[in-house]
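Dumped target-v5.cif below, it's mmCIF, C-alpha atoms:
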data_protein
#
loop_
_atom_site.label_atom_id
_atom_site.label_comp_id
_atom_site.auth_asym_id
_atom_site.auth_seq_id
_atom_site.Cartn_x
_atom_site.Cartn_y
_atom_site.Cartn_z
CA MET A 606 -13.15 -13.81 -38.03
CA ASN A 607 -11.53 -11.99 -35.10
CA MET A 608 -13.70 -12.80 -32.07
CA LEU A 609 -12.04 -10.07 -30.00
CA SER A 610 -13.03 -7.19 -32.23
CA PRO A 611 -16.52 -6.64 -30.70
CA LEU A 612 -15.00 -6.49 -27.23
CA ARG A 613 -12.43 -3.96 -28.36
CA ALA A 614 -15.26 -1.77 -29.60
CA VAL A 615 -17.32 -2.03 -26.45
CA TRP A 616 -14.55 -1.41 -23.88
CA PRO A 617 -13.53 2.09 -25.01
CA LEU A 618 -17.21 2.97 -25.37
CA SER A 619 -17.90 1.83 -21.80
CA ILE A 620 -15.04 4.00 -20.56
CA ALA A 621 -16.33 6.96 -22.52
CA LEU A 622 -19.86 6.55 -21.20
CA ALA A 623 -18.74 6.09 -17.61
CA ALA A 624 -16.43 9.05 -17.84
CA ALA A 625 -19.12 11.26 -19.35
CA LEU A 626 -21.60 10.60 -16.58
CA PRO A 627 -21.31 12.47 -13.29
CA ALA A 628 -20.31 10.17 -10.45
CA ALA A 629 -23.12 9.75 -7.97
CA ALA A 630 -22.02 10.77 -4.54
CA GLN A 631 -21.34 7.83 -2.28
CA GLU A 632 -23.44 7.59 0.83
CA VAL A 633 -20.74 8.08 3.45
CA THR A 634 -21.57 8.70 7.10
CA THR A 635 -19.03 9.35 9.85
CA PHE A 636 -19.26 9.56 13.62
CA THR A 637 -17.02 9.05 16.66
CA LEU A 638 -17.84 7.00 19.75
CA GLU A 639 -17.22 8.45 23.19
CA ASN A 640 -14.09 6.29 23.56
CA GLY A 641 -12.54 7.90 20.47
CA LEU A 642 -13.27 5.18 17.88
CA ASP A 643 -13.84 6.83 14.50
CA VAL A 644 -16.48 5.12 12.37
CA VAL A 645 -17.02 5.41 8.62
CA VAL A 646 -20.14 3.88 7.04
CA ILE A 647 -20.33 3.50 3.25
CA GLU A 648 -23.74 2.37 2.03
CA ASP A 649 -24.11 -0.01 -0.92
CA HIS A 650 -27.40 -1.88 -0.97
CA ARG A 651 -26.91 -3.83 -4.20
CA ALA A 652 -26.08 -7.08 -2.39
CA PRO A 653 -26.86 -8.29 1.16
CA ALA A 654 -23.18 -8.36 2.14
CA VAL A 655 -20.88 -6.25 4.26
CA THR A 656 -17.18 -5.61 4.75
CA GLN A 657 -15.98 -4.69 8.22
CA MET A 658 -12.46 -3.31 8.54
CA VAL A 659 -10.72 -2.12 11.68
CA TRP A 660 -7.69 0.00 10.87
CA TYR A 661 -5.12 0.81 13.56
CA LYS A 662 -3.02 3.92 13.10
CA VAL A 663 0.20 2.03 13.60
CA GLY A 664 2.47 0.26 11.15
CA SER A 665 6.03 -0.89 10.78
CA ALA A 666 7.25 2.73 10.60
CA ASP A 667 6.02 3.22 14.18
CA GLU A 668 8.04 0.39 15.72
CA PRO A 669 10.50 1.01 18.56
CA ALA A 670 14.15 1.07 17.56
CA GLY A 671 15.58 -2.44 17.45
CA LYS A 672 12.14 -4.09 17.22
CA ASN A 673 11.66 -4.13 13.46
CA GLY A 674 8.98 -6.65 12.53
CA ILE A 675 6.94 -6.36 15.73
CA ALA A 676 3.93 -4.75 13.99
CA HIS A 677 3.62 -7.64 11.54
CA TYR A 678 4.32 -10.17 14.29
CA LEU A 679 1.48 -8.77 16.39
CA GLU A 680 -0.84 -8.90 13.39
CA HIS A 681 -0.27 -12.68 13.34
CA LEU A 682 -0.79 -12.94 17.09
CA MET A 683 -4.13 -11.13 16.88
CA PHE A 684 -5.62 -14.38 15.55
CA LYS A 685 -4.80 -16.15 18.81
CA GLY A 686 -7.07 -16.34 21.83
CA THR A 687 -9.00 -13.51 23.49
CA ASP A 688 -11.30 -13.22 26.48
CA LEU A 689 -14.07 -14.69 24.31
CA LEU A 690 -12.31 -16.74 21.63
CA GLU A 691 -9.97 -19.71 21.58
CA PRO A 692 -6.87 -19.53 19.37
CA GLY A 693 -7.95 -19.84 15.74
CA GLU A 694 -11.65 -19.61 16.60
CA PHE A 695 -12.08 -16.17 15.01
CA SER A 696 -11.42 -17.36 11.46
CA ARG A 697 -13.30 -20.62 12.01
CA VAL A 698 -16.43 -18.70 13.00
CA VAL A 699 -16.12 -16.37 10.01
CA SER A 700 -15.77 -19.34 7.67
CA ALA A 701 -18.67 -21.20 9.31
CA ASN A 702 -20.83 -18.15 8.59
CA GLY A 703 -19.95 -18.18 4.91
CA GLY A 704 -17.42 -15.35 5.04
CA ASN A 705 -13.69 -14.79 4.83
CA ASP A 706 -11.26 -12.75 6.86
CA ASN A 707 -7.65 -11.68 6.92
CA ALA A 708 -5.32 -8.87 7.94
CA PHE A 709 -2.31 -6.96 6.66
CA THR A 710 0.45 -4.73 7.97
CA SER A 711 1.88 -1.79 6.07
CA PHE A 712 4.22 1.07 6.89
CA ASP A 713 1.47 3.34 8.24
CA GLN A 714 -1.35 1.03 9.31
CA THR A 715 -2.45 -2.43 10.36
CA ALA A 716 -5.89 -3.59 9.27
CA TYR A 717 -8.21 -6.53 10.03
CA PHE A 718 -11.22 -7.31 7.88
CA GLN A 719 -14.12 -9.68 7.31
CA HIS A 720 -16.47 -10.12 4.34
CA VAL A 721 -19.79 -11.66 5.44
CA ALA A 722 -23.52 -11.54 4.97
CA ALA A 723 -24.91 -8.27 6.30
CA SER A 724 -26.90 -10.15 8.94
CA ARG A 725 -23.61 -11.31 10.53
CA LEU A 726 -22.20 -7.83 11.18
CA ASP A 727 -23.12 -7.91 14.88
CA LEU A 728 -21.21 -11.16 15.37
CA MET A 729 -18.17 -9.81 13.49
CA MET A 730 -18.12 -6.70 15.65
CA GLN A 731 -18.39 -8.76 18.80
CA MET A 732 -15.37 -10.86 17.84
CA GLU A 733 -13.31 -7.94 16.54
CA ALA A 734 -14.00 -5.95 19.68
CA SER A 735 -12.87 -8.88 21.81
CA ARG A 736 -9.35 -8.70 20.39
CA MET A 737 -9.04 -4.91 20.40
CA THR A 738 -7.90 -4.97 24.03
CA GLY A 739 -8.68 -8.54 25.19
CA LEU A 740 -5.92 -10.47 23.43
CA LYS A 741 -4.40 -13.29 25.51
CA LEU A 742 -0.74 -13.93 24.77
CA THR A 743 1.42 -16.59 26.42
CA GLU A 744 4.83 -18.07 25.65
CA ASP A 745 3.35 -21.26 24.22
CA VAL A 746 1.36 -19.15 21.72
CA VAL A 747 3.98 -16.55 20.88
CA LYS A 748 7.06 -18.71 20.27
CA PRO A 749 5.62 -20.95 17.52
CA GLU A 750 4.26 -17.91 15.69
CA LEU A 751 7.73 -16.35 15.67
CA GLY A 752 8.85 -19.35 13.65
CA VAL A 753 5.94 -18.75 11.26
CA ILE A 754 6.95 -15.18 10.43
CA ILE A 755 10.62 -16.13 10.11
CA GLU A 756 9.63 -18.82 7.62
CA GLU A 757 7.40 -16.29 5.86
CA ARG A 758 10.42 -14.06 5.38
CA ASN A 759 12.46 -17.04 4.15
CA GLN A 760 9.85 -17.82 1.51
CA ARG A 761 8.86 -14.33 0.40
CA THR A 762 12.12 -12.41 0.72
CA ASP A 763 15.25 -14.45 1.28
CA SER A 764 14.42 -16.96 -1.47
CA ASP A 765 13.59 -14.21 -3.98
CA PRO A 766 16.46 -12.09 -5.41
CA GLY A 767 13.97 -9.47 -6.59
CA ALA A 768 12.55 -9.09 -3.09
CA LEU A 769 16.02 -8.80 -1.57
CA PHE A 770 16.92 -6.24 -4.25
CA GLY A 771 13.82 -4.21 -3.41
CA GLU A 772 14.64 -4.35 0.30
CA GLN A 773 18.15 -3.05 -0.34
CA ARG A 774 16.90 -0.26 -2.60
CA ARG A 775 14.38 0.93 -0.06
CA ALA A 776 17.00 0.95 2.69
CA ALA A 777 19.17 3.12 0.44
CA GLN A 778 16.29 5.42 -0.49
CA PHE A 779 15.49 6.42 3.08
CA LEU A 780 18.58 7.62 4.92
CA HIS A 781 16.94 7.92 8.35
CA HIS A 782 13.17 7.52 8.07
CA PRO A 783 11.77 4.11 9.19
CA TYR A 784 10.23 3.59 5.74
CA GLY A 785 13.70 2.19 4.98
CA ASN A 786 13.04 -0.83 7.20
CA PRO A 787 11.19 -3.84 5.75
CA ILE A 788 7.65 -4.38 7.00
CA ILE A 789 8.34 -8.03 7.77
CA GLY A 790 11.51 -7.12 9.65
CA TRP A 791 15.27 -7.48 9.45
CA PRO A 792 16.22 -11.10 10.27
CA ALA A 793 18.33 -10.37 13.35
CA GLU A 794 15.67 -8.19 14.97
CA MET A 795 12.82 -10.53 14.06
CA SER A 796 14.49 -13.53 15.68
CA ALA A 797 14.99 -11.60 18.92
CA LEU A 798 11.33 -10.54 19.36
CA THR A 799 9.78 -11.68 22.64
CA LEU A 800 6.42 -12.08 24.34
CA GLN A 801 7.04 -8.86 26.24
CA ASP A 802 7.76 -6.99 23.00
CA ALA A 803 4.42 -8.12 21.58
CA VAL A 804 2.47 -7.30 24.74
CA SER A 805 4.07 -3.86 25.05
CA PHE A 806 3.41 -2.96 21.42
CA TYR A 807 -0.18 -4.17 21.75
CA HIS A 808 -0.89 -2.09 24.84
CA ASP A 809 0.85 0.96 23.39
CA HIS A 810 -1.10 1.08 20.13
CA TYR A 811 -4.27 -1.04 20.15
CA ALA A 812 -7.18 0.93 21.56
CA PRO A 813 -10.40 2.45 20.20
CA ASN A 814 -8.93 5.96 20.17
CA ASN A 815 -6.17 4.76 17.83
CA ALA A 816 -8.47 2.92 15.43
CA ILE A 817 -10.89 3.55 12.59
CA LEU A 818 -13.84 1.25 11.94
CA VAL A 819 -14.92 1.16 8.29
CA VAL A 820 -18.15 -0.64 7.40
CA ALA A 821 -19.12 -0.87 3.74
CA GLY A 822 -22.06 -2.64 2.14
CA ASP A 823 -25.73 -3.32 2.80
CA VAL A 824 -25.98 -1.39 6.06
CA ALA A 825 -27.77 1.62 7.51
CA PRO A 826 -25.72 4.20 9.46
CA ASP A 827 -28.08 4.17 12.46
CA GLU A 828 -27.82 0.39 12.76
CA VAL A 829 -24.03 0.50 12.45
CA ARG A 830 -23.92 3.12 15.18
CA ARG A 831 -26.09 0.96 17.43
CA LEU A 832 -23.94 -2.11 16.88
CA ALA A 833 -20.69 -0.15 17.26
CA GLU A 834 -21.82 1.37 20.54
CA LYS A 835 -22.93 -2.06 21.75
CA ASN A 836 -19.71 -3.89 20.86
CA TYR A 837 -16.92 -1.30 20.77
CA GLY A 838 -18.42 1.37 23.00
CA PRO A 839 -17.62 -0.36 26.34
CA ILE A 840 -13.89 -0.54 25.53
CA PRO A 841 -12.10 2.28 27.36
CA ALA A 842 -9.85 4.69 25.53
CA ASN A 843 -6.12 4.59 26.19
CA PRO A 844 -5.19 8.06 27.49
CA ASP A 845 -1.48 7.44 26.84
CA ILE A 846 -1.84 7.25 23.07
CA ALA A 847 -0.51 10.41 21.47
CA GLU A 848 -0.01 11.68 17.94
CA ARG A 849 2.55 9.73 15.98
CA GLN A 850 6.04 11.18 16.23
CA ARG A 851 8.56 9.89 13.71
CA VAL A 852 12.10 10.83 12.88
CA GLN A 853 12.20 12.89 9.72
CA GLU A 854 14.23 12.26 6.61
CA PRO A 855 17.24 14.61 6.35
CA PRO A 856 18.00 16.41 3.06
CA GLN A 857 19.18 13.95 0.44
CA LEU A 858 22.26 15.35 -1.27
CA ALA A 859 23.72 12.53 -3.36
CA ALA A 860 22.43 10.04 -5.91
CA ARG A 861 22.89 6.42 -4.84
CA HIS A 862 23.63 3.44 -7.06
CA LEU A 863 23.29 -0.25 -6.17
CA ASP A 864 24.68 -3.20 -8.06
CA PHE A 865 22.91 -6.29 -6.69
CA ARG A 866 24.14 -9.65 -7.98
CA ASP A 867 22.66 -13.05 -7.31
CA PRO A 868 23.27 -16.36 -9.08
CA ARG A 869 19.52 -17.05 -9.08
CA VAL A 870 18.74 -14.04 -11.32
CA ALA A 871 17.60 -15.09 -14.79
CA GLN A 872 16.55 -11.68 -16.16
CA PRO A 873 18.55 -8.56 -15.30
CA TYR A 874 16.72 -5.27 -14.89
CA LEU A 875 17.13 -1.80 -13.43
CA VAL A 876 14.92 0.17 -11.07
CA ARG A 877 15.22 3.82 -10.15
CA SER A 878 13.25 5.45 -7.36
CA TYR A 879 12.98 9.08 -6.34
CA LEU A 880 11.83 10.51 -3.03
CA ALA A 881 8.42 12.02 -3.78
CA PRO A 882 5.78 13.99 -1.86
CA GLU A 883 2.65 12.20 -0.65
CA ARG A 884 -0.97 13.32 -0.61
CA ASP A 885 -1.42 15.94 2.11
CA SER A 886 -4.76 16.84 3.64
CA GLY A 887 -6.14 19.90 1.89
CA ALA A 888 -3.20 19.97 -0.54
CA GLN A 889 -3.44 16.95 -2.85
CA GLU A 890 -2.76 18.71 -6.15
CA GLU A 891 0.92 17.81 -6.51
CA ALA A 892 0.25 14.17 -5.72
CA ALA A 893 -2.55 14.11 -8.30
CA ALA A 894 -0.12 15.43 -10.91
CA LEU A 895 2.34 12.66 -10.01
CA VAL A 896 -0.38 10.02 -10.38
CA LEU A 897 -1.03 11.16 -13.95
CA LEU A 898 2.72 11.48 -14.59
CA SER A 899 3.20 7.82 -13.67
CA ASP A 900 0.39 6.86 -16.06
CA LEU A 901 1.82 8.99 -18.89
CA LEU A 902 5.27 7.50 -18.48
CA GLY A 903 4.50 3.90 -17.68
CA GLY A 904 0.97 2.96 -18.66
CA GLU A 905 0.13 0.81 -21.70
CA PRO A 906 3.37 -0.01 -23.56
CA ASN A 907 2.02 1.04 -26.97
CA SER A 908 0.92 4.47 -25.74
CA SER A 909 3.07 5.37 -22.72
CA VAL A 910 6.18 7.51 -23.03
CA LEU A 911 8.59 4.84 -21.78
CA GLY A 912 6.88 2.01 -23.61
CA ARG A 913 6.81 3.74 -27.00
CA ALA A 914 10.37 5.04 -26.74
CA LEU A 915 12.17 2.11 -25.15
CA GLN A 916 10.18 -0.90 -26.31
CA PHE A 917 9.02 0.13 -29.81
CA ASP A 918 11.13 3.01 -31.14
CA ARG A 919 14.57 2.20 -29.73
CA LYS A 920 13.87 -1.49 -29.08
CA VAL A 921 16.18 -1.55 -26.07
CA ALA A 922 13.63 -2.89 -23.56
CA ILE A 923 11.15 -5.71 -23.34
CA TYR A 924 9.34 -4.06 -20.42
CA SER A 925 9.17 -0.65 -18.77
CA SER A 926 6.99 0.86 -16.07
CA ALA A 927 6.41 3.81 -13.78
CA SER A 928 4.62 3.78 -10.45
CA TYR A 929 3.81 6.16 -7.64
CA ASP A 930 2.23 5.45 -4.26
CA ALA A 931 0.38 8.65 -3.42
CA THR A 932 -1.17 7.63 -0.10
CA SER A 933 1.28 7.52 2.78
CA LEU A 934 1.78 9.47 5.99
CA ASP A 935 5.25 10.74 5.04
CA ASP A 936 7.21 11.14 1.82
CA SER A 937 6.66 8.39 -0.72
CA THR A 938 8.55 7.22 -3.82
CA PHE A 939 8.18 7.55 -7.57
CA THR A 940 9.66 4.50 -9.32
CA LEU A 941 10.78 3.67 -12.85
CA SER A 942 11.89 0.26 -14.11
CA VAL A 943 13.38 -1.09 -17.33
CA VAL A 944 13.99 -4.68 -18.42
CA PRO A 945 16.45 -4.56 -21.34
CA VAL A 946 16.35 -6.81 -24.37
CA PRO A 947 19.10 -9.44 -24.64
CA GLY A 948 22.36 -7.82 -25.71
CA VAL A 949 21.58 -4.44 -24.13
CA THR A 950 23.45 -3.83 -20.88
CA LEU A 951 21.90 -2.27 -17.82
CA GLU A 952 24.25 0.68 -18.24
CA GLU A 953 22.99 1.22 -21.79
CA ALA A 954 19.38 0.87 -20.63
CA GLU A 955 19.97 3.49 -17.95
CA VAL A 956 21.40 5.94 -20.50
CA ALA A 957 18.36 5.37 -22.71
CA LEU A 958 16.02 5.91 -19.75
CA ASP A 959 17.68 9.22 -18.91
CA GLU A 960 17.45 10.37 -22.51
CA VAL A 961 13.74 9.58 -22.66
CA LEU A 962 13.06 11.37 -19.37
CA GLN A 963 14.92 14.46 -20.58
CA ALA A 964 13.02 14.43 -23.86
CA PHE A 965 9.76 14.23 -21.91
CA LEU A 966 10.77 17.23 -19.78
CA ASP A 967 11.73 19.22 -22.87
CA ALA A 968 8.56 18.55 -24.89
CA PRO A 969 4.90 19.47 -24.32
CA VAL A 970 2.64 16.90 -22.66
CA ASP A 971 0.50 15.03 -25.19
CA ALA A 972 -2.88 16.69 -24.62
CA GLY A 973 -4.83 13.88 -26.24
CA LYS A 974 -3.13 11.21 -24.16
CA LEU A 975 -3.68 13.21 -20.97
CA ALA A 976 -7.39 13.58 -21.74
CA THR A 977 -7.64 9.83 -22.36
CA LEU A 978 -5.93 9.03 -19.06
CA LYS A 979 -8.30 11.30 -17.19
CA ARG A 980 -11.31 9.56 -18.76
CA GLN A 981 -9.88 6.17 -17.84
CA TYR A 982 -9.18 7.34 -14.29
CA ARG A 983 -12.72 8.68 -14.01
CA ALA A 984 -14.12 5.36 -15.18
CA SER A 985 -11.93 3.34 -12.81
CA GLU A 986 -13.14 5.41 -9.86
CA ILE A 987 -16.73 4.59 -10.78
CA TYR A 988 -16.09 0.89 -11.35
CA LYS A 989 -14.22 0.68 -8.05
CA ARG A 990 -17.53 1.23 -6.29
CA ASP A 991 -18.64 -2.22 -7.36
CA SER A 992 -16.39 -3.61 -4.62
CA ALA A 993 -17.23 -2.81 -1.00
CA ASP A 994 -13.78 -4.09 -0.11
CA ALA A 995 -12.04 -1.67 -2.49
CA VAL A 996 -14.03 1.28 -1.18
CA ALA A 997 -13.40 0.33 2.45
CA ARG A 998 -9.68 0.03 1.73
CA GLN A 999 -9.64 3.38 -0.02
CA TYR A 1000 -11.08 5.17 2.99
CA GLY A 1001 -9.15 3.19 5.59
CA GLN A 1002 -5.77 3.73 3.97
CA ALA A 1003 -6.43 7.42 3.47
CA LEU A 1004 -7.66 8.05 7.02
CA THR A 1005 -4.73 6.21 8.60
CA SER A 1006 -2.35 8.22 6.39
CA GLY A 1007 -3.39 11.65 7.62
CA LEU A 1008 -6.18 12.38 5.15
CA THR A 1009 -9.86 13.07 5.84
CA VAL A 1010 -13.16 11.84 4.41
CA GLU A 1011 -13.41 15.20 2.65
CA ASP A 1012 -10.00 14.64 1.06
CA VAL A 1013 -11.11 11.25 -0.26
CA ALA A 1014 -14.28 12.76 -1.72
CA ALA A 1015 -12.35 15.62 -3.34
CA TRP A 1016 -9.56 13.47 -4.81
CA PRO A 1017 -11.23 12.33 -8.09
CA GLN A 1018 -12.02 15.91 -9.13
CA ILE A 1019 -8.54 17.09 -8.13
CA VAL A 1020 -7.11 14.51 -10.52
CA GLN A 1021 -9.44 15.77 -13.27
CA ASP A 1022 -8.29 19.36 -12.68
CA VAL A 1023 -4.58 18.60 -13.17
CA THR A 1024 -3.10 20.51 -16.11
CA ALA A 1025 -0.21 19.66 -18.40
CA GLU A 1026 1.75 22.45 -16.73
CA ASP A 1027 1.11 20.86 -13.31
CA ILE A 1028 2.51 17.55 -14.56
CA LYS A 1029 5.63 19.14 -16.04
CA ALA A 1030 6.27 21.06 -12.82
CA ALA A 1031 5.82 17.93 -10.70
CA ALA A 1032 8.14 15.95 -12.99
CA ALA A 1033 10.86 18.60 -12.90
CA LYS A 1034 10.69 18.62 -9.12
CA VAL A 1035 10.56 14.88 -8.48
CA PHE A 1036 13.29 13.91 -11.00
CA ASP A 1037 16.04 15.23 -8.76
CA ALA A 1038 19.08 12.95 -9.06
CA ARG A 1039 20.18 13.84 -5.53
CA LYS A 1040 17.04 12.14 -4.21
CA SER A 1041 17.35 9.04 -6.35
CA VAL A 1042 18.46 5.45 -5.98
CA THR A 1043 19.26 3.47 -9.14
CA GLY A 1044 19.62 -0.25 -8.73
CA TYR A 1045 20.88 -2.96 -11.05
CA LEU A 1046 19.76 -6.54 -10.49
CA ARG A 1047 21.79 -9.06 -12.45
CA PRO A 1048 23.24 -12.55 -12.23
CA ALA A 1049 26.41 -13.05 -10.26
CA ALA A 1050 29.57 -13.33 -12.30
CA PRO A 1051 30.76 -16.98 -12.72
CA GLU A 1052 33.54 -16.57 -10.18
CA GLU A 1053 31.09 -15.01 -7.68
CA ALA A 1054 28.60 -17.85 -8.15
CA ALA A 1055 31.36 -20.42 -7.63
CA ALA A 1056 32.47 -18.68 -4.46
CA GLU A 1057 28.91 -18.71 -3.13
CA VAL A 1058 28.58 -22.43 -3.84
CA SER A 1059 31.86 -23.19 -2.08
CA GLN A 1060 30.70 -21.34 1.00
#
Using structure tokens, write down the structure from this file.
Amino acid sequence: MNMLSPLRAVWPLSIALAAALPAAAQEVTTFTLENGLDVVVIEDHRAPAVTQMVWYKVGSADEPAGKNGIAHYLEHLMFKGTDLLEPGEFSRVVSANGGNDNAFTSFDQTAYFQHVAASRLDLMMQMEASRMTGLKLTEDVVKPELGVIIEERNQRTDSDPGALFGEQRRAAQFLHHPYGNPIIGWPAEMSALTLQDAVSFYHDHYAPNNAILVVAGDVAPDEVRRLAEKNYGPIPANPDIAERQRVQEPPQLAARHLDFRDPRVAQPYLVRSYLAPERDSGAQEEAAALVLLSDLLGGEPNSSVLGRALQFDRKVAIYSSASYDATSLDDSTFTLSVVPVPGVTLEEAEVALDEVLQAFLDAPVDAGKLATLKRQYRASEIYKRDSADAVARQYGQALTSGLTVEDVAAWPQIVQDVTAEDIKAAAAKVFDARKSVTGYLRPAAPEEAAAEVSQ
């Protein structure tokens, strides 16, 4: 007896039921404190817990020239001492109260978050407010942490050929825009970061009028407002913070091709990325079409365009995928990847990929598959609400990427309204070879590996 068969019957039914039901509107309240701090409250009273996230509208793409890595470095330093807290005390207090906390840096934002019992929200706000402008940095604190982030790069990037490959591809994709720089930093610039660099970046970007507070969970908007005014309200705005001004990407006129070789590579594969438009406030339709395009091309192997063609019909690949990051402040990327079967070269896999893409552009979109993807997307949006963290991240990332609360609310229906014609038009536009980077990752040739060992 197949014990999985009942589950296989229930899962599609659950998707169908969830997709058929109208999504209940989330209880989202917004307000702005006098010092410019934007606050978003998302009510979910199913459990007595809360997520607090403070998002700063600054990321690695906003770093001064020559200071790549400073945004991530400062994120680490934010866990050091403040006017109220000793170094490391923040996380110890969160843990002692049964919660967890962390932070992350991306290209467009830096965020700090805690998951705790709802009754501890006041304490979390008090501590988070203390490091918004009260961070205490000294040489004896800053220097050891520089070693930490350098070692982090060693472990996550320099020791991983795939990570190095991705770093090189991204640098080739963006000719001038700072999205081409790694979030963690280029090694030479990281190692030269100083206490003054950290202090300057902190004072230039960390202030209530450059931040968004997102609180999701078992909370009432009036109580969140009271606590926010009590804890964050006394912090003065920074009048010198202005709208973000970034260099813009020039027209891309030539396809780029990378051949990255490393003796540590066990499985060769190819990745191609295209410059792609992001979600824009009030104009999210093209991005929604690209989201569904990525699902059509690279979703489940047995039903996606790339999976069926490359893995099952032609049997030239053991894996294929498509991905698109819709939410960013500036132009994003649409990415395709293929892992060939043994005996198929990367050059042959690339030819096969191009043939499949052209066939997709020449043929009608599978209406049944598109309808299924929309139902699945509808269901995933509903299930996402089971996680206060996921909802808080959804709003925080959107709002620090130039979107509004109204855009976030409208997005699910915009995805549902995408037509097959919209997808074909978006595909024809995004698959522009002049805006592409195709990369091969493969083992070094024997003579290259020997040369590396001798060095």
- prompt: Selected by the PyMOL selection byres ((chain A and resi 689-702) around 10) in the shown coordinates: which residues, as JSON, numbers by chain?
  reply: {"A": [682, 683, 684, 685, 686, 687, 688, 703, 704, 705, 706, 707, 719, 720, 721, 722, 725, 728, 729, 731, 732, 733, 734, 735, 736, 739, 740, 741, 742, 746]}
- prompt: Just how far from CA of Gln1002 in chain A is CA of Phe712 in chain A, in Å to one decimal?
  reply: 10.7 Å
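Put simply, CA of Asp936 in chain A is 12.1 Å away from CA of Gly1007 in chain A.
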message: What would the selection look like, as a PyMOL selection string, if the PyMOL selection byres ((chain A and resi 949-966) around 8) were run on the coordinates I just shared?
response: chain A and resi 873-875+910-911+914-915+921-922+943+945-948+967-970+1029+1032-1033+1045
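With all atoms listed in the file as the atoms that count, the minimum distance from Asp802 in chain A to the choices A:Asp994, A:Pro669, A:Val1023, A:Ala976 is reached by A:Pro669.
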message: One number please: CA of Ile754 in chain A to CA of Ser711 in chain A, in Å, one decimal.
response: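 Value for the CA of Ile754 in chain A-CA of Ser711 in chain A distance: 15.0 Å.
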message: Please list as a PyMOL selection string every residue within 7 Å of range 637-652 of chain A, counting all atoms listed in the file and excluding residues in the same chain fewer than 5 positions away.
response: chain A and resi 632+813-814+816-826+834+838+841-842
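Distances from A:Asp827, A:Asp745, A:Asp713, A:Glu1026 to Ser933 in chain A were compared using all atoms listed in the file, and the smallest one belongs to A:Asp713.
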List the residues selected by the PyMOL selection byres ((chain A and resi 1008-1022) around 10) in the file shown, writing them as a short mmCIF file (atom, residue, chain, number, x, y, z; two decimals) with C-alpha atoms, in the coordinates of the input.
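Output file selection32.cif is given in full below:
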data_model
loop_
_atom_site.label_atom_id
_atom_site.label_comp_id
_atom_site.auth_asym_id
_atom_site.auth_seq_id
_atom_site.Cartn_x
_atom_site.Cartn_y
_atom_site.Cartn_z
CA ALA A 628 -20.31 10.17 -10.45
CA ALA A 630 -22.02 10.77 -4.54
CA GLN A 631 -21.34 7.83 -2.28
CA VAL A 633 -20.74 8.08 3.45
CA THR A 634 -21.57 8.70 7.10
CA THR A 635 -19.03 9.35 9.85
CA VAL A 645 -17.02 5.41 8.62
CA ARG A 884 -0.97 13.32 -0.61
CA ASP A 885 -1.42 15.94 2.11
CA SER A 886 -4.76 16.84 3.64
CA GLY A 887 -6.14 19.90 1.89
CA ALA A 888 -3.20 19.97 -0.54
CA GLN A 889 -3.44 16.95 -2.85
CA GLU A 890 -2.76 18.71 -6.15
CA GLU A 891 0.92 17.81 -6.51
CA ALA A 892 0.25 14.17 -5.72
CA ALA A 893 -2.55 14.11 -8.30
CA ALA A 894 -0.12 15.43 -10.91
CA LEU A 895 2.34 12.66 -10.01
CA VAL A 896 -0.38 10.02 -10.38
CA LEU A 897 -1.03 11.16 -13.95
CA THR A 932 -1.17 7.63 -0.10
CA SER A 933 1.28 7.52 2.78
CA LEU A 934 1.78 9.47 5.99
CA LEU A 975 -3.68 13.21 -20.97
CA ALA A 976 -7.39 13.58 -21.74
CA LEU A 978 -5.93 9.03 -19.06
CA LYS A 979 -8.30 11.30 -17.19
CA ARG A 980 -11.31 9.56 -18.76
CA TYR A 982 -9.18 7.34 -14.29
CA ARG A 983 -12.72 8.68 -14.01
CA GLU A 986 -13.14 5.41 -9.86
CA ILE A 987 -16.73 4.59 -10.78
CA GLN A 999 -9.64 3.38 -0.02
CA TYR A 1000 -11.08 5.17 2.99
CA GLY A 1001 -9.15 3.19 5.59
CA GLN A 1002 -5.77 3.73 3.97
CA ALA A 1003 -6.43 7.42 3.47
CA LEU A 1004 -7.66 8.05 7.02
CA THR A 1005 -4.73 6.21 8.60
CA SER A 1006 -2.35 8.22 6.39
CA GLY A 1007 -3.39 11.65 7.62
CA VAL A 1023 -4.58 18.60 -13.17
CA THR A 1024 -3.10 20.51 -16.11
CA ALA A 1025 -0.21 19.66 -18.40
CA ASP A 1027 1.11 20.86 -13.31
#
- request: Could you tell me which of A:Ala1031, A:Ala1050, A:Ile675, A:Ala654 comes closest to Arg866 in chain A if we count all atoms listed in the file?
  value: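 Among A:Ala1031, A:Ala1050, A:Ile675, A:Ala654, it is A:Ala1050 that comes nearest to Arg866 in chain A.
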